[in-house]
Amino acid sequence: MLGKSSELSALKIERKNGDEPFVLKDTILSVTLADFWRWSVSDLVSNATRGILAEFIVANALQLAESGTRTEWDAYDLKLSDDTKIEIKSAAYCQSWTQTKLSQIRFTIRPTYGWDSSTNLSSAELIRQADLYIFCLLNHRDKKTVNPLDLDQWEFYLIHAKELNERFPSQKSIGLSGLLKLNPVTLKYSELAVGILDMARQIHKK
């Protein structure tokens with residue numbers, strides 16, 4: 001029999017430190033959560049892990065990664081104190097696998113039915129859920145020296161979602177050349193926080 005609805009509410013996720021052990025029959029094993037992290041996400045160049053890393057890089061620049069945890073599959077990636085919703089996308093020239101040529105840069109911009117993790121409900125409207133898009137490019141072309149932890153290898157492009165909605169209302173992706181034609185704000189990591197907050201202020205003035 002299913003429990004009461006309150007017993008099935010969203011889990012409260014607490015930050016881990018990596019020392020948490022695996023347990024078998026009440027016996028604490030020598031294997032820890034950090035071992036899992038090393039095994040599962042050491043490939044920072046892979047598309048899936050690089051995307052999450054890009055979210056962390058932006059969150060860290062905004063000092064939003066100092067507490068709490070990332071929410072999987074939420075309608076948007078980050079929210080500022082002024083309620084500006086941010087969507088973060090990443091791309092890279094270098095991939096983990098064997099390449100015959102560098103990858104073409106393309107970012108996903110598809111509208112979605114937003115899902116709320118706290119209610120498990122999806123919106124009825126197919127739209128872009130965020131106010132601000134940040135396109136994070138790992139702008140390094142040498143596979144021997146590519147390092148996603150080197151923040152100097154990243155470049156960031158900021159654009160109002162309104163611009164995407166007006167120019168590409170239903171388009172699912174955009175190439176780098178198409179993005180640049182929209183004249184996004186282009187920043188390095190050291191400029192990122194100021195640039196994001198400035199654009200958020202512009203959004204709320206309109």
# chains A, B, ... in the order shown; residues from 1 in each chain; ligands from 1

call {"tool": "residues_around", "arguments": {"residues": "Asp43 in chain A", "least_positions_apart": "2", "cutoff": "12 Å", "atoms": "only C-alpha atoms", "output": "PyMOL selection string"}}
result
chain A and resi 37-41+45-53+95-97+146-149

call {"tool": "residues_around", "arguments": {"residues": "range 173-182 of chain A", "least_positions_apart": "4", "cutoff": "7 Å", "atoms": "only C-alpha atoms", "output": "ChimeraX atom specification"}}
result
/A:105-110

call {"tool": "atom_distance", "arguments": {"atom1": "CA of Leu62 in chain A", "atom2": "CA of Arg128 in chain A"}}
result
22.0 Å

call {"tool": "select_by_dssp", "arguments": {"residues": "range 5-197 of chain A", "states": "helix (DSSP H, G or I)", "output": "ChimeraX atom specification"}}
result
/A:5-8,33-41,47-61,151-153,161-167,176-180,189-197

call {"tool": "closest_residue", "arguments": {"among": "A:Thr69, A:Glu55, A:Ala124, A:Leu64", "to": "Ser81 in chain A", "atoms": "only C-alpha atoms"}}
result
A:Leu64

call {"tool": "select_by_dssp", "arguments": {"residues": "range 13-183 of chain A", "states": "strand (DSSP E or B)", "output": "NGL selection string"}}
result
:A and (21-24 or 27-32 or 78-79 or 85-92 or 106-108 or 112-116 or 121-127 or 132-138 or 154-160 or 173-175)

call {"tool": "closest_residue", "arguments": {"among": "A:Val194, A:Leu33, A:Ala92, A:Ile134", "to": "Leu78 in chain A", "atoms": "only C-alpha atoms"}}
result
A:Ile134

call {"tool": "atom_distance", "arguments": {"atom1": "CA of Tyr189 in chain A", "atom2": "CA of Leu151 in chain A"}}
result
6.3 Å
